[in-house]
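Data block below; observations after.
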Amino acid sequence: MNSLLGTAALSLGFVTSLAATGWWVLSVRRPELAPRAKRLTVVMAVGAAMACAVLVWALVTHDFSVRYVADNGARAVPLYYTVISLWAALEGSLLLWLLVLAGYAVLVMRRVHPRAAALHPWAMAVICGSAVFFFGLALFAGNAFGVVSPVPADGPGPNPLLQDHPLMGVHPPLLYLGYIGLTVPFAYAVAALITGQTGRGWLVVTRRWTLTAWTFLTAGVMMGAWWSYEVLGWGGYWAWDPVENASILPWFTATALLHSVMVQERRATLRVWNLSLAAATYLLVILGTFLTRSGVVASVHAFSQSAIGPALLGFFAVVLVGVLALLIWRSDRLGPVDRLDAGVSREAVFLGNNVILVGLAVTVLIGTVFPLLVEAVNGERVSVGAPYFDRMAIPLALAMLVLMGVGPLVPWGLADPRALGRRLAVPSALGLLTIAALGLSGLNGIAPLVTIGVGVFVLATIVDRVVTGWQATRMTTGLGSLPALWTTLARRRRLYGGLLTHAGVVLAAVAIAASSSYSIDGQQTLAIGESFTVGDHTATLEGITPQRTERKMTISIQVAIADGDRELGVYEPALSFYPAAVQAIGTPSVRTGLAEDAYLLLSSVNDDRTEATVRLIISPLVLWLWVSAGVMVTGAAVAAWPDRRRPRNAVPATEQPASEQPATDAVEAVDA
């Protein structure tokens, strides 16, 4: 019954998404057809929700007649991990994709911006057309509701790596909300090209959608790094794995789009750049989906090989050719109306930052797909490792950080180089003093020291920007210190939300630089009662405990950690043996502190369980990487929060040319 219901739900979604696409196109010339298109879109979403609900029900009730349940379910798996098995394998993950895509379609359908009413039907047609493709994949190429005969009594359960950490219930949905949300700016970019309305209208609609998707994507990437750190047991959180790279590629271009949108809002320029960024971001989403679901890369994050891979590659090619054709067709409407001032200006800084972000995307893309291209051409297996990515990406990332610090202090239009130099003097001095102090303290390594120094520089420019606005508000309003600060932040939520996001990026950069450059580790085989030392930390093996459950057999060890004379507690890394797993699955035990993490791993236990091989890694500032995610997400939420002072239908002041913008408050006056 579940197989029939699930297939029927997918069929309903496929048919209604196809019909909705057609009705949205027809409603361009016949607006009276829009209500029917809306109803079909809602039914499409109902089909996606039904398919997900049926598969979750089949998993929870252990209906092993459904192939997906037979391959990924097990009676002994706890309920939480049974439910999230929905996205533990390829076919189920497609249903989650459809649910999120259909949800976005319904939300976009309900929010029609008055400045982009002509674009809305075309954008909805693009979103529903994308749903047609993914419903087709789920129905014809990767149907989770296939029937198994004879019906097994039990199943192997999901991948053991996905059964023991609650982040697996958080990381994939966040990543999907980010990935799929980037369909919306792409859809409006295509609509702008189709209609020829390539001005600011589509940007007004999509800025908040793009920022929302970027926020989810940022959280998803960070939660994935945290999951890797807590589960995979290698002591790190990012290894330039092809699937990890696939998740960061659209993040680079979406970040570039968010910045260049501000330039086009100020001046009628960068049209082709913004349209291309929106399209490139969506194409990178499809490419990342292909890398994850085609089986062409070996990764703990990737799904197995299937017929879905070629279909995704074909879809990627169709979208690429279609976008290029539209850009060529509308090339006469993509030229700049306003001139982008040369020299030192915020526009120039944003453009430079965007070039760097695109350069980072291209660098990572080349390193990711080059081995695949070589293997496809001559059959040779080559690898591009961390040295390539570090050597190419670190200089670009440092340049991006520098511009991130300079940008907020540079006014729109041409800046006075001397005035800018005076404002940058103190932050620059603080950054250089930080590098010198750390170097004299014994820390080495040019890249990490420069990263930390640049981070201090950027944070100092952020503080300068906030203080300048706060002082201007006090002078013009006569408010006290705290009310003036609150008024300053409330008036310019978009600006200060962006600055808070920049602070989060700085925290992430410093945490990555410190933890990757200054970690120390040691490994030793210990008998019970023996100890070994790594840096200032001493690890003492206190016991070895086996435990068998219906799901697995686990061997855990009890290790007491001391930092000098200070006892930090007893930690229990473990090895788990699952019936369906070829190798034991390690579970690290992490003692997290403000300054450093003590990361314990159990490598092996001897046969009579009297000795264990223990690895201890001391990594500085890892906690601040996870904190940075919260800071970035909070900053993005503040920047996206609507301004109640501005009527919804009003044209934002930032859409006027810079020369026509009034200084609406004291902070604008300071910028000018």
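Each chain of the structure tokens is named A, B, ... in the order shown, its residues numbered from 1; ligands are numbered from 1 in display order.
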
Residues within 9 Å of region 612-616 of chain A, only C-alpha atoms, excluding chain neighbours under 6 positions, as a PyMOL selection string: chain A and resi 520-528+533-534+537+539+541+544+557+559+573+598-606

If you run DSSP on the backbone, which residues of region 132-316 of chain A are alpha helix (DSSP H), as a PyMOL selection string? chain A and resi 132-136+171-181+183-195+201-227+242-266+271-293+308-316

So that I can check the surroundings of Ala116 (chain A), please list as a short mmCIF file (atom, residue, chain, number, x, y, z; two decimals) with C-alpha atoms, in the first residue's frame every protein, DNA and RNA residue that reaches within 9 Å of it, counting only C-alpha atoms and ignoring chain neighbours fewer than 3 positions away.
data_model
loop_
_atom_site.label_atom_id
_atom_site.label_comp_id
_atom_site.auth_asym_id
_atom_site.auth_seq_id
_atom_site.Cartn_x
_atom_site.Cartn_y
_atom_site.Cartn_z
CA VAL A 112 4.29 39.17 -5.44
CA HIS A 113 6.34 42.36 -5.29
CA LEU A 119 8.39 38.98 -13.87
CA HIS A 120 6.42 36.88 -11.41
CA GLY A 201 13.24 45.26 -10.42
CA TRP A 202 14.30 41.62 -10.16
CA VAL A 204 14.37 44.21 -5.31
CA VAL A 205 12.43 40.95 -5.22
#

Write out as number ranges by chain which residues come within 9 Å of Gln264 (chain A) when counting only C-alpha atoms, dropping same-chain ones fewer than 6 positions away. A: 199-200, 203, 270-271, 274, 655

Distance query Asn444 (chain A) at most 10 Å, only C-alpha atoms, self and fewer than 5 positions along chain excluded, as a PDB file with N, CA and C atoms, in the first residue's frame:
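See result.pdb below for the written result:
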ATOM      1  N   LEU A 438      52.319  38.383  18.290  1.00  0.00           N
ATOM      2  CA  LEU A 438      52.208  36.930  18.185  1.00  0.00           C
ATOM      3  C   LEU A 438      53.520  36.306  17.724  1.00  0.00           C
ATOM      4  N   GLY A 439      54.200  36.980  16.785  1.00  0.00           N
ATOM      5  CA  GLY A 439      55.490  36.476  16.332  1.00  0.00           C
ATOM      6  C   GLY A 439      56.519  36.461  17.450  1.00  0.00           C
ATOM      7  N   LEU A 449      49.641  33.931  10.949  1.00  0.00           N
ATOM      8  CA  LEU A 449      49.883  35.212  11.611  1.00  0.00           C
ATOM      9  C   LEU A 449      49.244  36.354  10.828  1.00  0.00           C
ATOM     10  N   SER A 517      46.855  25.433  11.953  1.00  0.00           N
ATOM     11  CA  SER A 517      48.300  25.680  11.965  1.00  0.00           C
ATOM     12  C   SER A 517      48.965  25.342  13.294  1.00  0.00           C
ATOM     13  N   TYR A 518      48.232  25.429  14.376  1.00  0.00           N
ATOM     14  CA  TYR A 518      48.861  25.296  15.686  1.00  0.00           C
ATOM     15  C   TYR A 518      48.353  24.095  16.478  1.00  0.00           C
TER      16      TYR A 518
END

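For the pair CA of Asn72 (chain A) and CA of Gly155 (chain A), the interatomic distance is 6.5 Å.
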
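What separates CA of Gly630 (chain A) from CA of Arg494 (chain A) is a distance of 17.3 Å.
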
Show me, as an MDAnalysis selection string, the residues that have an atom within 12 Å of region 367-375 of chain A when counting only C-alpha atoms, minus same-chain residues fewer than 5 positions from it. chainID A and resid 240:249 284 287:288 290:291 294:298 360:362 380:393

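Take CA of Val467 (chain A) and CA of Leu211 (chain A): the distance between them is 25.9 Å.
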
For Leu12 (chain A), find every residue with an atom within 8 Å (counting only C-alpha atoms), except residues of its own chain fewer than 3 positions away, and show them as a PDB file with C-alpha atoms, in the first residue's frame.
ATOM      1  CA  ALA A   8       0.730   8.067  -6.689  1.00  0.00           C
ATOM      2  CA  ALA A   9       1.947  11.116  -4.736  1.00  0.00           C
ATOM      3  CA  VAL A  15       1.618  16.000 -13.486  1.00  0.00           C
ATOM      4  CA  THR A  16       0.616  19.117 -11.542  1.00  0.00           C
ATOM      5  CA  VAL A  43      -1.399  20.648  -5.378  1.00  0.00           C
ATOM      6  CA  MET A  44       2.198  20.098  -6.544  1.00  0.00           C
ATOM      7  CA  GLY A  47       2.164  15.798  -3.797  1.00  0.00           C
TER       8      GLY A  47
END

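Distance check against Leu26 (chain A) using only C-alpha atoms: of A:Trp122, A:Val69, A:Ser11, A:Gly322, the minimum falls on A:Trp122.
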
Can you work out which one of A:Trp57, A:Tyr104, A:Tyr176, A:Phe64 has the shortest atom-to-atom distance to Val83 (chain A), counting only C-alpha atoms? A:Trp57

From the list A:Val627, A:Ala118, A:Leu258, A:Val56, which residue is nearest Trp87 (chain A) when using only C-alpha atoms? A:Val56

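Using only C-alpha atoms, the nearest neighbour of Thr540 (chain A) within the list A:His259, A:Ala562, A:Ala88, A:Thr210 is A:Ala562.
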
Please run DSSP on the backbone and report, as a VMD selection string, all residues within region 443-620 of chain A that come out as strand (DSSP E). chain A and resid 520 to 527 531 to 534 537 to 548 553 to 563 566 to 571 574 to 577 585 to 587 589 to 592 596 to 605 611 to 620
